[in-house]
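Chemist: This one is structure.txt, compact mmCIF, C-alpha atoms and all ligand atoms.
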# COMPACT_ATOMS: atom_id res chain seq x y z
CA MET A 1 18.34 -2.35 1.82
CA LEU A 2 15.80 -3.64 4.32
CA GLU A 3 16.80 -6.73 6.28
CA ILE A 4 14.50 -8.71 8.54
CA LYS A 5 16.74 -10.85 10.70
CA ASP A 6 15.96 -13.96 12.67
CA LEU A 7 12.54 -12.96 14.01
CA HIS A 8 10.96 -15.05 16.72
CA LYS A 9 7.44 -14.47 17.94
CA ARG A 10 5.02 -16.48 20.09
CA PHE A 11 1.41 -15.80 20.88
CA GLY A 12 0.87 -17.84 24.05
CA ASP A 13 1.60 -21.43 23.03
CA THR A 14 1.54 -20.63 19.31
CA VAL A 15 4.93 -20.19 17.71
CA ALA A 16 4.10 -17.68 14.94
CA LEU A 17 7.68 -17.00 13.82
CA ASP A 18 10.59 -19.31 14.36
CA GLY A 19 13.66 -17.55 12.98
CA VAL A 20 12.33 -15.61 9.98
CA SER A 21 14.86 -13.72 7.86
CA LEU A 22 14.34 -12.00 4.54
CA SER A 23 15.57 -8.90 2.80
CA ALA A 24 14.78 -6.51 -0.02
CA GLU A 25 17.35 -4.42 -1.83
CA ALA A 26 16.80 -0.97 -3.29
CA GLY A 27 14.67 -1.41 -6.42
CA GLU A 28 13.80 -5.01 -5.66
CA VAL A 29 10.23 -6.33 -5.55
CA VAL A 30 9.97 -9.26 -3.16
CA GLY A 31 6.89 -11.50 -3.06
CA PHE A 32 6.11 -13.00 0.33
CA VAL A 33 4.04 -16.16 0.09
CA GLY A 34 2.79 -18.80 2.46
CA ALA A 35 -0.32 -20.68 3.49
CA ASN A 36 -2.91 -19.12 5.81
CA GLY A 37 -1.39 -18.64 9.26
CA ALA A 38 2.19 -19.16 8.02
CA GLY A 39 3.42 -15.88 9.54
CA LYS A 40 3.39 -13.23 6.79
CA THR A 41 1.27 -10.62 8.54
CA THR A 42 3.14 -11.10 11.81
CA THR A 43 6.47 -10.59 10.02
CA MET A 44 5.27 -7.43 8.28
CA ARG A 45 3.75 -6.01 11.45
CA ILE A 46 7.03 -6.50 13.26
CA ALA A 47 8.93 -4.90 10.38
CA MET A 48 6.63 -1.87 10.66
CA GLY A 49 6.91 -1.68 14.44
CA VAL A 50 3.19 -2.36 14.93
CA LEU A 51 4.07 -5.49 16.87
CA ALA A 52 7.16 -6.29 18.94
CA ALA A 53 9.20 -9.40 18.22
CA ASP A 54 10.36 -11.68 21.02
CA SER A 55 13.78 -11.52 19.38
CA GLY A 56 15.34 -10.57 16.06
CA GLN A 57 16.18 -7.34 14.31
CA ILE A 58 15.02 -5.05 11.54
CA VAL A 59 18.00 -3.44 9.82
CA TYR A 60 17.75 -0.64 7.29
CA ASP A 61 20.78 0.37 5.24
CA GLY A 62 23.08 -1.37 7.68
CA ALA A 63 21.72 0.04 10.97
CA PRO A 64 18.84 -0.92 13.28
CA LEU A 65 15.65 0.64 11.95
CA GLY A 66 14.52 3.69 13.94
CA VAL A 67 11.15 5.37 14.40
CA GLU A 68 12.02 8.35 12.18
CA GLN A 69 13.05 6.13 9.27
CA ARG A 70 9.90 4.07 9.65
CA ARG A 71 7.86 7.23 9.11
CA ARG A 72 9.32 7.30 5.61
CA PHE A 73 8.07 3.77 4.91
CA GLY A 74 4.78 3.05 3.18
CA TYR A 75 2.61 0.34 4.73
CA MET A 76 -0.63 -1.29 3.72
CA PRO A 77 -1.83 -3.22 6.75
CA SER A 78 -4.02 -6.31 6.45
CA GLU A 79 -6.71 -4.57 8.46
CA ARG A 80 -7.39 -1.68 6.12
CA GLY A 81 -7.46 1.62 7.97
CA LEU A 82 -9.45 4.33 6.21
CA TYR A 83 -11.85 6.87 7.66
CA PRO A 84 -15.18 6.06 5.98
CA LYS A 85 -16.66 9.49 6.51
CA MET A 86 -13.79 11.42 4.99
CA LYS A 87 -13.65 12.42 1.34
CA THR A 88 -11.23 10.44 -0.79
CA GLY A 89 -8.88 13.31 -1.69
CA GLU A 90 -8.85 14.70 1.86
CA GLN A 91 -8.21 11.24 3.25
CA VAL A 92 -5.10 10.65 1.18
CA ALA A 93 -3.77 14.17 1.79
CA TYR A 94 -4.41 13.78 5.51
CA PHE A 95 -2.10 10.77 5.66
CA GLY A 96 0.51 12.77 3.76
CA GLU A 97 0.36 15.45 6.44
CA LEU A 98 0.66 12.79 9.16
CA HIS A 99 3.93 11.82 7.50
CA GLY A 100 5.21 15.38 7.78
CA MET A 101 4.23 16.87 4.41
CA THR A 102 2.88 20.41 4.21
CA LYS A 103 -0.81 20.77 3.39
CA ALA A 104 -0.02 21.91 -0.15
CA GLU A 105 2.49 19.09 -0.79
CA ALA A 106 0.10 16.49 0.57
CA LYS A 107 -2.78 17.80 -1.54
CA ARG A 108 -0.68 17.80 -4.71
CA SER A 109 0.69 14.33 -4.08
CA ALA A 110 -2.79 12.98 -3.28
CA ALA A 111 -4.22 14.42 -6.50
CA GLU A 112 -1.36 12.95 -8.58
CA LEU A 113 -1.74 9.51 -7.04
CA LEU A 114 -5.50 9.41 -7.34
CA GLU A 115 -5.12 10.27 -10.98
CA GLN A 116 -2.57 7.48 -11.45
CA LEU A 117 -5.02 5.11 -9.76
CA SER A 118 -7.92 6.32 -11.95
CA LEU A 119 -9.78 7.80 -8.99
CA THR A 120 -9.78 11.47 -9.94
CA GLU A 121 -13.53 11.42 -10.47
CA ARG A 122 -14.06 10.08 -6.95
CA ILE A 123 -11.84 12.62 -5.22
CA GLY A 124 -14.79 14.40 -3.59
CA ASP A 125 -16.72 11.23 -2.68
CA PHE A 126 -16.82 9.80 0.81
CA VAL A 127 -14.63 6.73 1.22
CA GLN A 128 -17.62 4.71 2.49
CA ASP A 129 -19.38 5.27 -0.84
CA LEU A 130 -16.58 3.65 -2.87
CA SER A 131 -16.58 -0.01 -3.85
CA LEU A 132 -14.25 -2.27 -1.86
CA GLY A 133 -11.77 -2.43 -4.75
CA ASN A 134 -11.70 1.35 -5.04
CA GLN A 135 -11.26 1.65 -1.29
CA GLN A 136 -8.25 -0.57 -1.71
CA ARG A 137 -6.86 1.75 -4.38
CA VAL A 138 -7.31 4.58 -1.87
CA GLN A 139 -5.47 2.48 0.69
CA LEU A 140 -2.60 2.14 -1.74
CA ALA A 141 -2.63 5.90 -2.35
CA VAL A 142 -2.44 6.36 1.43
CA SER A 143 0.62 4.14 1.63
CA LEU A 144 2.31 5.99 -1.28
CA VAL A 145 1.34 9.61 -0.64
CA HIS A 146 4.54 10.58 1.20
CA ASP A 147 6.77 9.10 -1.52
CA PRO A 148 8.01 6.30 0.75
CA GLU A 149 11.54 4.95 0.72
CA VAL A 150 10.33 1.41 1.38
CA LEU A 151 7.00 -0.29 0.73
CA ILE A 152 5.54 -3.10 2.82
CA LEU A 153 2.12 -4.24 1.68
CA ASP A 154 -0.04 -6.96 3.18
CA GLU A 155 -2.08 -8.59 0.40
CA PRO A 156 -2.51 -5.44 -1.68
CA PHE A 157 -4.05 -7.39 -4.56
CA SER A 158 -6.78 -9.29 -2.73
CA GLY A 159 -10.24 -8.49 -4.03
CA LEU A 160 -9.10 -6.34 -6.96
CA ASP A 161 -10.45 -6.71 -10.50
CA PRO A 162 -7.92 -7.42 -13.28
CA ILE A 163 -7.69 -3.75 -14.29
CA ALA A 164 -7.07 -2.68 -10.71
CA VAL A 165 -4.48 -5.46 -10.40
CA ASP A 166 -2.62 -3.98 -13.37
CA VAL A 167 -2.84 -0.46 -11.92
CA MET A 168 -1.58 -1.69 -8.55
CA GLY A 169 1.18 -3.77 -10.15
CA THR A 170 2.38 -0.81 -12.20
CA ALA A 171 2.36 1.41 -9.12
CA LEU A 172 4.54 -1.08 -7.23
CA ARG A 173 6.99 -1.59 -10.11
CA ASP A 174 7.24 2.21 -10.53
CA ARG A 175 8.18 2.61 -6.87
CA ALA A 176 10.81 -0.07 -7.18
CA ALA A 177 12.15 1.55 -10.36
CA ALA A 178 12.49 4.76 -8.32
CA GLY A 179 14.74 2.81 -5.91
CA ALA A 180 12.40 1.61 -3.16
CA PRO A 181 12.64 -1.91 -1.76
CA VAL A 182 9.13 -3.38 -2.05
CA ILE A 183 7.82 -6.36 -0.08
CA PHE A 184 4.26 -7.57 -0.55
CA SER A 185 2.38 -10.68 0.45
CA SER A 186 -0.08 -12.42 -1.80
CA HIS A 187 -1.80 -15.72 -2.40
CA GLN A 188 -1.95 -14.94 -6.13
CA LEU A 189 1.12 -16.78 -7.29
CA ASP A 190 0.74 -15.82 -10.94
CA LEU A 191 1.07 -12.21 -9.86
CA ILE A 192 4.13 -12.97 -7.79
CA GLU A 193 5.62 -14.61 -10.86
CA ARG A 194 4.81 -11.61 -13.04
CA LEU A 195 5.80 -8.78 -10.71
CA CYS A 196 8.54 -9.99 -8.41
CA ASP A 197 12.29 -10.13 -8.72
CA SER A 198 12.51 -12.45 -5.73
CA VAL A 199 10.21 -14.65 -3.76
CA VAL A 200 10.24 -15.75 -0.13
CA ILE A 201 8.17 -18.76 0.90
CA ILE A 202 7.21 -19.12 4.54
CA GLY A 203 5.70 -22.21 6.16
CA ASN A 204 4.80 -22.56 9.86
CA GLY A 205 6.88 -19.56 10.85
CA ARG A 206 10.03 -20.61 9.00
CA ILE A 207 11.43 -19.61 5.62
CA ILE A 208 11.34 -22.73 3.49
CA ALA A 209 12.61 -21.31 0.19
CA SER A 210 13.77 -17.94 -1.06
CA GLY A 211 15.72 -16.32 -3.84
CA PRO A 212 15.48 -14.57 -7.20
CA VAL A 213 12.55 -15.93 -9.21
CA ASP A 214 14.82 -16.96 -12.11
CA GLU A 215 17.23 -18.81 -9.82
CA LEU A 216 14.48 -20.64 -7.96
CA LYS A 217 13.02 -21.78 -11.24
CA ALA A 218 16.37 -22.80 -12.67
CA LYS A 219 17.19 -24.77 -9.52
CA GLU A 220 13.95 -26.72 -9.71
CA VAL A 221 14.26 -27.56 -13.41
CA LYS A 222 14.29 -31.30 -13.82
CA GLN A 223 12.63 -32.14 -17.07
CA LEU A 224 13.97 -31.85 -20.60
CA ARG A 225 11.38 -31.57 -23.34
CA ILE A 226 12.29 -32.64 -26.88
CA SER A 227 9.77 -32.32 -29.68
CA VAL A 228 10.69 -34.28 -32.77
CA GLU A 229 8.79 -35.00 -35.96
CA THR A 230 9.48 -38.62 -36.75
CA GLY A 231 7.58 -41.77 -37.55
CA GLU A 232 9.55 -43.71 -34.94
CA ASP A 233 8.90 -44.15 -31.22
CA LEU A 234 12.14 -43.00 -29.58
CA THR A 235 11.11 -43.70 -25.97
CA ALA A 236 13.38 -46.70 -25.46
CA ARG A 237 16.36 -45.01 -27.10
CA PHE A 238 16.72 -42.10 -24.71
CA SER A 239 18.47 -42.59 -21.37
CA GLY A 240 16.87 -41.52 -18.07
CA THR A 241 13.17 -41.55 -17.21
CA VAL A 242 11.27 -40.91 -20.42
CA THR A 243 7.60 -40.05 -20.92
CA ARG A 244 6.17 -39.65 -24.37
CA ASP A 245 3.39 -37.18 -25.17
CA GLY A 246 2.77 -37.30 -28.94
CA ASP A 247 5.82 -35.75 -30.62
CA ASP A 248 7.10 -34.62 -27.21
CA TYR A 249 9.48 -36.62 -25.06
CA LEU A 250 9.88 -35.57 -21.42
CA ILE A 251 13.20 -36.73 -20.05
CA GLU A 252 14.40 -36.70 -16.45
CA ASP A 253 17.91 -37.61 -15.38
CA GLY A 254 19.02 -38.36 -18.94
CA ASP A 255 21.96 -37.17 -21.04
CA ASP A 256 20.62 -34.12 -22.90
CA GLN A 257 23.32 -33.98 -25.60
CA GLU A 258 22.94 -37.65 -26.38
CA ALA A 259 19.15 -37.20 -26.51
CA LEU A 260 19.53 -34.31 -28.95
CA ARG A 261 21.76 -36.41 -31.24
CA ILE A 262 19.29 -39.28 -31.21
CA ALA A 263 16.33 -36.99 -31.91
CA ALA A 264 18.09 -35.07 -34.69
CA ALA A 265 19.12 -38.32 -36.38
CA ALA A 266 15.52 -39.56 -36.24
CA GLY A 267 13.72 -36.47 -37.58
CA ARG A 268 13.18 -32.72 -37.38
CA VAL A 269 13.67 -31.37 -33.83
CA THR A 270 11.19 -28.54 -33.26
CA ARG A 271 11.87 -27.98 -29.58
CA PHE A 272 14.69 -28.72 -27.16
CA ALA A 273 14.26 -27.01 -23.77
CA TYR A 274 14.16 -27.57 -20.05
CA ASP A 275 10.64 -27.04 -18.71
CA GLN A 276 10.69 -24.45 -15.94
CA PRO A 277 8.27 -24.86 -13.08
CA THR A 278 5.86 -22.05 -12.24
CA ILE A 279 6.14 -20.29 -8.90
CA ALA A 280 2.87 -22.02 -7.97
CA GLU A 281 4.52 -25.43 -8.56
CA ILE A 282 7.63 -24.40 -6.61
CA PHE A 283 5.40 -23.22 -3.77
CA ARG A 284 3.40 -26.45 -3.66
CA GLU A 285 6.54 -28.53 -3.67
CA ALA A 286 8.19 -26.42 -0.95
CA VAL A 287 5.22 -26.59 1.42
CA THR A 288 4.73 -30.32 1.03
CA ARG A 289 8.40 -31.23 1.38
N1 LIG B 1 -2.76 -11.42 17.78
C1 LIG B 1 -2.63 -12.74 17.71
N2 LIG B 1 -2.96 -13.52 18.76
C2 LIG B 1 -2.80 -14.87 18.71
N3 LIG B 1 -2.33 -15.53 17.66
C3 LIG B 1 -1.99 -14.82 16.58
C4 LIG B 1 -2.13 -13.39 16.54
N4 LIG B 1 -1.70 -12.95 15.33
C5 LIG B 1 -1.32 -14.05 14.63
N5 LIG B 1 -1.49 -15.16 15.38
C6 LIG B 1 -1.15 -16.53 14.97
O1 LIG B 1 0.16 -16.50 14.44
C7 LIG B 1 0.26 -17.35 13.29
C8 LIG B 1 0.71 -16.53 12.09
O2 LIG B 1 -0.35 -15.67 11.69
P1 LIG B 1 -0.22 -14.60 10.52
O3 LIG B 1 -1.45 -13.74 10.59
O4 LIG B 1 1.09 -13.93 10.62
O5 LIG B 1 -0.26 -15.51 9.22
P2 LIG B 1 -0.40 -15.12 7.67
O6 LIG B 1 0.68 -15.85 6.95
O7 LIG B 1 -0.44 -13.65 7.52
O8 LIG B 1 -1.81 -15.75 7.30
P3 LIG B 1 -2.94 -15.34 6.22
O9 LIG B 1 -2.42 -15.77 4.87
O10 LIG B 1 -4.10 -16.17 6.65
O11 LIG B 1 -3.18 -13.88 6.35
C9 LIG B 1 -1.11 -18.00 13.15
O12 LIG B 1 -1.06 -19.24 13.80
C10 LIG B 1 -2.03 -17.04 13.84
O13 LIG B 1 -3.17 -17.71 14.33
Render the structure in this file as structure tokens.
Modeler:
Amino acid sequence: MLEIKDLHKRFGDTVALDGVSLSAEAGEVVGFVGANGAGKTTTMRIAMGVLAADSGQIVYDGAPLGVEQRRRFGYMPSERGLYPKMKTGEQVAYFGELHGMTKAEAKRSAAELLEQLSLTERIGDFVQDLSLGNQQRVQLAVSLVHDPEVLILDEPFSGLDPIAVDVMGTALRDRAAAGAPVIFSSHQLDLIERLCDSVVIIGNGRIIASGPVDELKAKEVKQLRISVETGEDLTARFSGTVTRDGDDYLIEDGDDQEALRIAAAAGRVTRFAYDQPTIAEIFREAVTR
């Protein structure tokens, strides 16, 4: 388990992080979201030891994270770091060797990953000749080549086409299924919803909401939706705040069982469910609170 504990960081007068804590368990995919400048990159840089915190701790499996363990992490920095004049396959293998793999191991792992990322045909091409999206796939391969124990990725999905998004998403879920904690930041909230077990929302250097996606959604549920086929208008008969939308009645703060009885007595009930908010709605509400 990776735990980021109570990070504080200032840049001159700017308070970038003001007590940021979050964690990812083995096999858990955590989505890290927040507006521009909220503190995501700073948090991830500190977790990777690229930047020092003013205070706070990074704890891995119960002990302060050391340099050797960090070498076994996979990191995709926001400033992508590839060598443009190196060939794709050599590039990925080179990073494997930097992480302590033998030449042969690194070459094999690079070839496997590039195949998984549909880049086998580009293995002998220079990185600078690849499209930006393909360069990003290479960047992911670089962060995965040494079979990392933990993955920390700064906006890995930005600029990818929908196919590449699927490839990247599968690669991340596979790593988590193999037991790695995975943390990634993104502004694409639909992706967070689809891929993540948990979400952490940061605003102005503070965590403003966090938890398993299902729990966050369940906590924010307010509105009951009843669809009923009837000739009558039932609006005035339900308790709570009631909005009618055709056959649908949206009820807040009412008595759901009483509403169900009234609806069933009036006609055929075709739907009776609490509307769950999307992660995008939860995010918007959290940042404007
Ligand atoms: N090297 C730096 N020097 C000065 N200020 C910095 C530096 N790095 C970050 N900041 C400031 O710290 C705050 C947090 O920035 P950070 O890059 O962590 O945000 P972010 O959530 O990653 O944003 P984005 O979504 O735009 O990438 C911002 O106010 C930013 O301007």
Chemist: Would you write out, as a Markdown table, a table of all residues in chain A that have an atom no more than 9 Å from an atom of ligand LIG 1 (chain B), listing for each the closest atom pair and the distance in Å to one decimal, considering all atoms listed in the file and ordering rows by chain and rising residue number?
Modeler:
| residue | atom | partner | partner_atom | distance |
| --- | --- | --- | --- | --- |
| A:Lys9 | CA | B:LIG1 | O1 | 8.3 |
| A:Arg10 | CA | B:LIG1 | O1 | 7.5 |
| A:Phe11 | CA | B:LIG1 | C2 | 4.8 |
| A:Gly12 | CA | B:LIG1 | C2 | 7.1 |
| A:Asp13 | CA | B:LIG1 | N3 | 8.9 |
| A:Thr14 | CA | B:LIG1 | O12 | 6.2 |
| A:Val15 | CA | B:LIG1 | O1 | 6.9 |
| A:Ala16 | CA | B:LIG1 | O1 | 4.1 |
| A:Leu17 | CA | B:LIG1 | C8 | 7.2 |
| A:Val33 | CA | B:LIG1 | O6 | 7.6 |
| A:Gly34 | CA | B:LIG1 | O6 | 5.8 |
| A:Ala35 | CA | B:LIG1 | O9 | 5.5 |
| A:Asn36 | CA | B:LIG1 | O10 | 3.3 |
| A:Gly37 | CA | B:LIG1 | O5 | 3.3 |
| A:Ala38 | CA | B:LIG1 | O6 | 3.8 |
| A:Gly39 | CA | B:LIG1 | O4 | 3.2 |
| A:Lys40 | CA | B:LIG1 | O6 | 3.8 |
| A:Thr41 | CA | B:LIG1 | O7 | 3.6 |
| A:Thr42 | CA | B:LIG1 | O4 | 3.7 |
| A:Thr43 | CA | B:LIG1 | O4 | 6.4 |
| A:Met44 | CA | B:LIG1 | O4 | 8.1 |
| A:Arg45 | CA | B:LIG1 | O4 | 8.4 |
| A:Ser78 | CA | B:LIG1 | O11 | 7.6 |
| A:Asp154 | CA | B:LIG1 | O7 | 8.0 |
| A:Glu155 | CA | B:LIG1 | O11 | 8.0 |
| A:Ser185 | CA | B:LIG1 | O7 | 8.2 |
| A:Ser186 | CA | B:LIG1 | O9 | 7.8 |
| A:His187 | CA | B:LIG1 | O9 | 7.3 |
| A:Ile202 | CA | B:LIG1 | O6 | 7.7 |
| A:Gly203 | CA | B:LIG1 | O6 | 8.1 |
| A:Asn204 | CA | B:LIG1 | C8 | 7.6 |
| A:Gly205 | CA | B:LIG1 | C8 | 7.0 |
Chemist: Pull C-alpha atoms from the residues just selected and write them as a PDB file, keeping the file's coordinate frame.
Modeler:
ATOM      1  CA  LYS A   9       7.440 -14.470  17.940  1.00  0.00           C
ATOM      2  CA  ARG A  10       5.020 -16.480  20.090  1.00  0.00           C
ATOM      3  CA  PHE A  11       1.410 -15.800  20.880  1.00  0.00           C
ATOM      4  CA  GLY A  12       0.870 -17.840  24.050  1.00  0.00           C
ATOM      5  CA  ASP A  13       1.600 -21.430  23.030  1.00  0.00           C
ATOM      6  CA  THR A  14       1.540 -20.630  19.310  1.00  0.00           C
ATOM      7  CA  VAL A  15       4.930 -20.190  17.710  1.00  0.00           C
ATOM      8  CA  ALA A  16       4.100 -17.680  14.940  1.00  0.00           C
ATOM      9  CA  LEU A  17       7.680 -17.000  13.820  1.00  0.00           C
ATOM     10  CA  VAL A  33       4.040 -16.160   0.090  1.00  0.00           C
ATOM     11  CA  GLY A  34       2.790 -18.800   2.460  1.00  0.00           C
ATOM     12  CA  ALA A  35      -0.320 -20.680   3.490  1.00  0.00           C
ATOM     13  CA  ASN A  36      -2.910 -19.120   5.810  1.00  0.00           C
ATOM     14  CA  GLY A  37      -1.390 -18.640   9.260  1.00  0.00           C
ATOM     15  CA  ALA A  38       2.190 -19.160   8.020  1.00  0.00           C
ATOM     16  CA  GLY A  39       3.420 -15.880   9.540  1.00  0.00           C
ATOM     17  CA  LYS A  40       3.390 -13.230   6.790  1.00  0.00           C
ATOM     18  CA  THR A  41       1.270 -10.620   8.540  1.00  0.00           C
ATOM     19  CA  THR A  42       3.140 -11.100  11.810  1.00  0.00           C
ATOM     20  CA  THR A  43       6.470 -10.590  10.020  1.00  0.00           C
ATOM     21  CA  MET A  44       5.270  -7.430   8.280  1.00  0.00           C
ATOM     22  CA  ARG A  45       3.750  -6.010  11.450  1.00  0.00           C
ATOM     23  CA  SER A  78      -4.020  -6.310   6.450  1.00  0.00           C
ATOM     24  CA  ASP A 154      -0.040  -6.960   3.180  1.00  0.00           C
ATOM     25  CA  GLU A 155      -2.080  -8.590   0.400  1.00  0.00           C
ATOM     26  CA  SER A 185       2.380 -10.680   0.450  1.00  0.00           C
ATOM     27  CA  SER A 186      -0.080 -12.420  -1.800  1.00  0.00           C
ATOM     28  CA  HIS A 187      -1.800 -15.720  -2.400  1.00  0.00           C
ATOM     29  CA  ILE A 202       7.210 -19.120   4.540  1.00  0.00           C
ATOM     30  CA  GLY A 203       5.700 -22.210   6.160  1.00  0.00           C
ATOM     31  CA  ASN A 204       4.800 -22.560   9.860  1.00  0.00           C
ATOM     32  CA  GLY A 205       6.880 -19.560  10.850  1.00  0.00           C
TER      33      GLY A 205
END
Chemist: How far is it from atom CA of A:Glu115 to atom CA of A:Phe184, in Å with one decimal?
Modeler: 22.7 Å
Chemist: Determine the nearest neighbour of A:Ala164 from the options A:Asp129, A:Gly240, A:Ser118, A:Ala47, counting only C-alpha atoms.
Modeler: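 The shortest atom-to-atom distance to A:Ala164 comes from A:Ser118.
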Chemist: By how many Å are atom CA of A:Asp248 and atom CA of A:Leu216 apart?
Modeler: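 These two atoms are separated by 24.9 Å.
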Chemist: Quote the spacing between atom CA of A:Leu7 and atom CA of A:Asp190 in Å to one decimal place.
Modeler: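 Separation of atom CA of A:Leu7 and atom CA of A:Asp190: 27.7 Å.
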